[in-house]
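Heads up: the structure comes next, in structure tokens.
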Amino acid sequence: MVNPLPPGSGSTAAPPTFPGGTAVSGLRVYPWPASDELCGGSPHVHLACTEAYVVVEGEGALHTLSAGGPARIALRPGTVAWFGPGTIHRAANGDGGLRAVVVMQNAGLPEAGDAVLTFPPEILDDREAYLRAAAPPTNEKAARDRRDLAVEGFSRLVESIAAGDLSALIRFYRQAVALRADRIEAWRRMWRDGPLEAAHRTEEHFEAIARGDIAHLLAASTGVQQAPEPEERKFGMCGRLDTYELRPVD
């Protein structure tokens, strides 16, 4: 059957909301060894969001830490691993080629502020010192330095929990919440304009279908974005990132 539409034809309407008001990034986990000889990213935590890794290439592990203790999840192509708020996590690159698609709750909030690195407690106690140490790196040296500082604090947390002492973890959570409390209103706006709006839109579609209304189907549209060029990849917490702007544009 011949397609009657030329390439590029279709609706000129705005693209639909990305599924579930989520967001994605492409992740190439850092291959550099840290002080504990693991190659990979910076341990950190999200305070309000769930995040997932869908592994597409390479092998490695996801190291996590919570009140339940440390854990290690093997990663290989096809693995889907997800973790909720409070799960300190760190991607380790086992063969140097670990790549994943990162799926982020709440319109990408984990890469838009909902993250605190596991720096030593004396840095977490000083907002200005934390902001300096956590500044987005623009080169490999800065990314490695930030990662190594987070690994130092992470190692202390692991030792404390391994000894049956949760006090260091509790202190870390309290410091993390204090560092991000001033961002809640901005986060609420992202949540309202992303996943909450998507849920409301779905409810409207259900109601339209129930009454036989096809107006939303006639307004169908498609969204697409290509990966950035290699030199444009950002230095993220766990690796180099292919980022996409998937939130609706006003």
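Just so we're on the same page: first chain in the structure tokens is A, next is B, and so on; residues restart at 1 for each chain, and ligands are numbered from 1 in the order they show up.
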Residues within 12 Å of Ala52 in chain A, only C-alpha atoms, excluding chain neighbours under 6 positions, as number ranges by chain: A: 22-27, 46, 62, 79-85, 87, 89, 91, 100-105, 108, 110
Kindly export the residues of the current selection with N, CA, C and O atoms, as a short mmCIF file (atom, residue, chain, number, x, y, z; two decimals), in the first residue's frame.
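Output file result08.cif follows:
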data_model
loop_
_atom_site.label_atom_id
_atom_site.label_comp_id
_atom_site.auth_asym_id
_atom_site.auth_seq_id
_atom_site.Cartn_x
_atom_site.Cartn_y
_atom_site.Cartn_z
N THR A 22 6.56 12.15 32.57
CA THR A 22 7.91 11.77 32.98
C THR A 22 8.92 12.48 32.08
O THR A 22 8.58 13.34 31.28
N ALA A 23 10.19 12.09 32.19
CA ALA A 23 11.23 12.58 31.31
C ALA A 23 12.30 11.50 31.20
O ALA A 23 12.37 10.59 32.03
N VAL A 24 13.13 11.59 30.16
CA VAL A 24 14.20 10.62 29.97
C VAL A 24 15.50 11.32 29.62
O VAL A 24 15.51 12.43 29.09
N SER A 25 16.60 10.64 29.93
CA SER A 25 17.93 11.04 29.48
C SER A 25 18.69 9.80 29.07
O SER A 25 18.43 8.70 29.59
N GLY A 26 19.63 9.96 28.17
CA GLY A 26 20.56 8.89 27.86
C GLY A 26 21.77 9.01 28.76
O GLY A 26 22.30 10.11 28.95
N LEU A 27 22.21 7.91 29.36
CA LEU A 27 23.31 7.93 30.33
C LEU A 27 24.45 7.03 29.87
O LEU A 27 24.23 5.84 29.59
N HIS A 46 17.53 11.21 45.74
CA HIS A 46 16.39 12.05 45.37
C HIS A 46 15.42 12.07 46.55
O HIS A 46 15.21 11.04 47.21
N LEU A 62 24.26 -1.42 40.07
CA LEU A 62 23.67 -0.30 40.78
C LEU A 62 23.87 -0.55 42.27
O LEU A 62 23.38 -1.53 42.81
N THR A 79 18.03 -5.02 31.62
CA THR A 79 17.67 -4.84 33.03
C THR A 79 16.92 -3.52 33.20
O THR A 79 17.30 -2.49 32.65
N VAL A 80 15.85 -3.57 33.98
CA VAL A 80 15.14 -2.36 34.41
C VAL A 80 15.22 -2.32 35.93
O VAL A 80 14.75 -3.24 36.61
N ALA A 81 15.83 -1.28 36.47
CA ALA A 81 15.96 -1.12 37.92
C ALA A 81 15.42 0.25 38.30
O ALA A 81 15.76 1.25 37.65
N TRP A 82 14.59 0.31 39.34
CA TRP A 82 14.05 1.60 39.77
C TRP A 82 14.12 1.71 41.28
O TRP A 82 14.15 0.72 42.00
N PHE A 83 14.14 2.95 41.76
CA PHE A 83 14.37 3.21 43.18
C PHE A 83 13.65 4.50 43.56
O PHE A 83 13.57 5.44 42.78
N GLY A 84 13.10 4.49 44.78
CA GLY A 84 12.28 5.59 45.23
C GLY A 84 13.04 6.62 46.04
O GLY A 84 14.25 6.49 46.27
N PRO A 85 12.33 7.65 46.51
CA PRO A 85 12.96 8.70 47.31
C PRO A 85 13.67 8.11 48.53
O PRO A 85 13.16 7.20 49.18
N THR A 87 16.54 6.50 48.47
CA THR A 87 17.50 5.45 48.09
C THR A 87 18.76 6.12 47.54
O THR A 87 18.75 6.65 46.42
N HIS A 89 22.02 6.13 45.62
CA HIS A 89 22.38 5.22 44.53
C HIS A 89 23.62 5.71 43.78
O HIS A 89 23.94 6.89 43.76
N ALA A 91 25.82 4.36 40.14
CA ALA A 91 26.00 3.43 39.03
C ALA A 91 27.48 3.11 38.88
O ALA A 91 28.32 4.01 38.83
N ALA A 100 22.54 3.45 29.69
CA ALA A 100 21.15 3.23 30.10
C ALA A 100 20.30 4.42 29.68
O ALA A 100 20.81 5.53 29.46
N VAL A 101 19.02 4.17 29.57
CA VAL A 101 18.03 5.24 29.47
C VAL A 101 17.51 5.47 30.88
O VAL A 101 17.07 4.53 31.55
N VAL A 102 17.60 6.70 31.34
CA VAL A 102 17.13 7.07 32.67
C VAL A 102 15.72 7.63 32.55
O VAL A 102 15.48 8.57 31.78
N VAL A 103 14.77 7.03 33.26
CA VAL A 103 13.38 7.49 33.27
C VAL A 103 13.13 8.18 34.60
O VAL A 103 13.35 7.59 35.66
N MET A 104 12.69 9.43 34.53
CA MET A 104 12.57 10.25 35.74
C MET A 104 11.13 10.69 35.98
O MET A 104 10.45 11.16 35.07
N GLN A 105 10.70 10.52 37.19
CA GLN A 105 9.36 10.95 37.60
C GLN A 105 9.30 12.48 37.61
O GLN A 105 10.31 13.19 37.64
N GLY A 108 11.14 15.10 34.99
CA GLY A 108 12.58 15.23 35.03
C GLY A 108 13.13 15.96 36.22
O GLY A 108 14.28 16.40 36.23
N PRO A 110 14.39 14.94 38.98
CA PRO A 110 15.68 14.49 39.51
C PRO A 110 16.89 15.18 38.89
O PRO A 110 17.94 15.29 39.53
#
Apply DSSP to the structure's backbone, then extract all residues of range 1-242 of chain A labelled helix (DSSP H, G or I) and return them as an MDAnalysis selection string. chainID A and resid 19:21 106:111 121:124 127:134 140:162 167:210 215:218 230:232
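Using only C-alpha atoms, the residues found no farther than 10 Å from Ala112 in chain A, other than those of its own chain fewer than 3 positions away, are A:Asn106, A:Ala107, A:Gly108, A:Leu109, A:Ala115, A:Ala186, A:Trp187, A:Met190.
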May I have the residues from that selection written out with N, CA, C and O atoms, as an mmCIF file, in the first residue's frame?
data_model
loop_
_atom_site.group_PDB
_atom_site.id
_atom_site.type_symbol
_atom_site.label_atom_id
_atom_site.label_comp_id
_atom_site.auth_asym_id
_atom_site.auth_seq_id
_atom_site.Cartn_x
_atom_site.Cartn_y
_atom_site.Cartn_z
ATOM 1 N N ASN A 106 8.070 12.994 37.550
ATOM 2 C CA ASN A 106 7.799 14.421 37.762
ATOM 3 C C ASN A 106 8.551 15.329 36.798
ATOM 4 O O ASN A 106 9.236 16.281 37.187
ATOM 5 N N ALA A 107 8.391 15.004 35.489
ATOM 6 C CA ALA A 107 8.890 15.863 34.416
ATOM 7 C C ALA A 107 10.394 16.085 34.461
ATOM 8 O O ALA A 107 10.896 17.123 34.043
ATOM 9 N N GLY A 108 11.138 15.101 34.987
ATOM 10 C CA GLY A 108 12.585 15.232 35.028
ATOM 11 C C GLY A 108 13.129 15.958 36.223
ATOM 12 O O GLY A 108 14.284 16.398 36.225
ATOM 13 N N LEU A 109 12.340 16.044 37.278
ATOM 14 C CA LEU A 109 12.763 16.768 38.476
ATOM 15 C C LEU A 109 14.081 16.248 39.064
ATOM 16 O O LEU A 109 14.863 17.037 39.599
ATOM 17 N N ALA A 115 17.999 16.393 43.848
ATOM 18 C CA ALA A 115 19.149 15.499 44.020
ATOM 19 C C ALA A 115 20.111 16.143 45.006
ATOM 20 O O ALA A 115 20.351 17.352 44.949
ATOM 21 N N ALA A 186 8.903 25.747 43.388
ATOM 22 C CA ALA A 186 9.280 25.505 41.995
ATOM 23 C C ALA A 186 9.006 24.057 41.611
ATOM 24 O O ALA A 186 8.543 23.759 40.500
ATOM 25 N N TRP A 187 9.274 23.138 42.527
ATOM 26 C CA TRP A 187 8.990 21.723 42.258
ATOM 27 C C TRP A 187 7.489 21.486 42.109
ATOM 28 O O TRP A 187 7.063 20.699 41.260
ATOM 29 N N MET A 190 6.447 22.356 38.593
ATOM 30 C CA MET A 190 6.799 21.315 37.631
ATOM 31 C C MET A 190 5.847 20.132 37.724
ATOM 32 O O MET A 190 5.433 19.565 36.708
#
So, with only C-alpha atoms as the atoms that count, which of A:Pro43, A:Pro228, A:Gly86, A:Pro120 lies closest to Gly68 in chain A? A:Gly86
Distance in Å - CA of Val224 in chain A versus CA of Glu245 in chain A: 10.2 Å
Quick one, how far is CA of Gly164 in chain A from CA of Arg127 in chain A?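 Going from CA of Gly164 in chain A over to CA of Arg127 in chain A, I get 28.7 Å.
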Assign secondary structure with DSSP using the backbone only, and return the residues of range 19-203 of chain A in strand (DSSP E) as a ChimeraX atom specification. /A:23-29,44-45,51-57,60-66,69-75,80-83,88-93,99-104,116-117
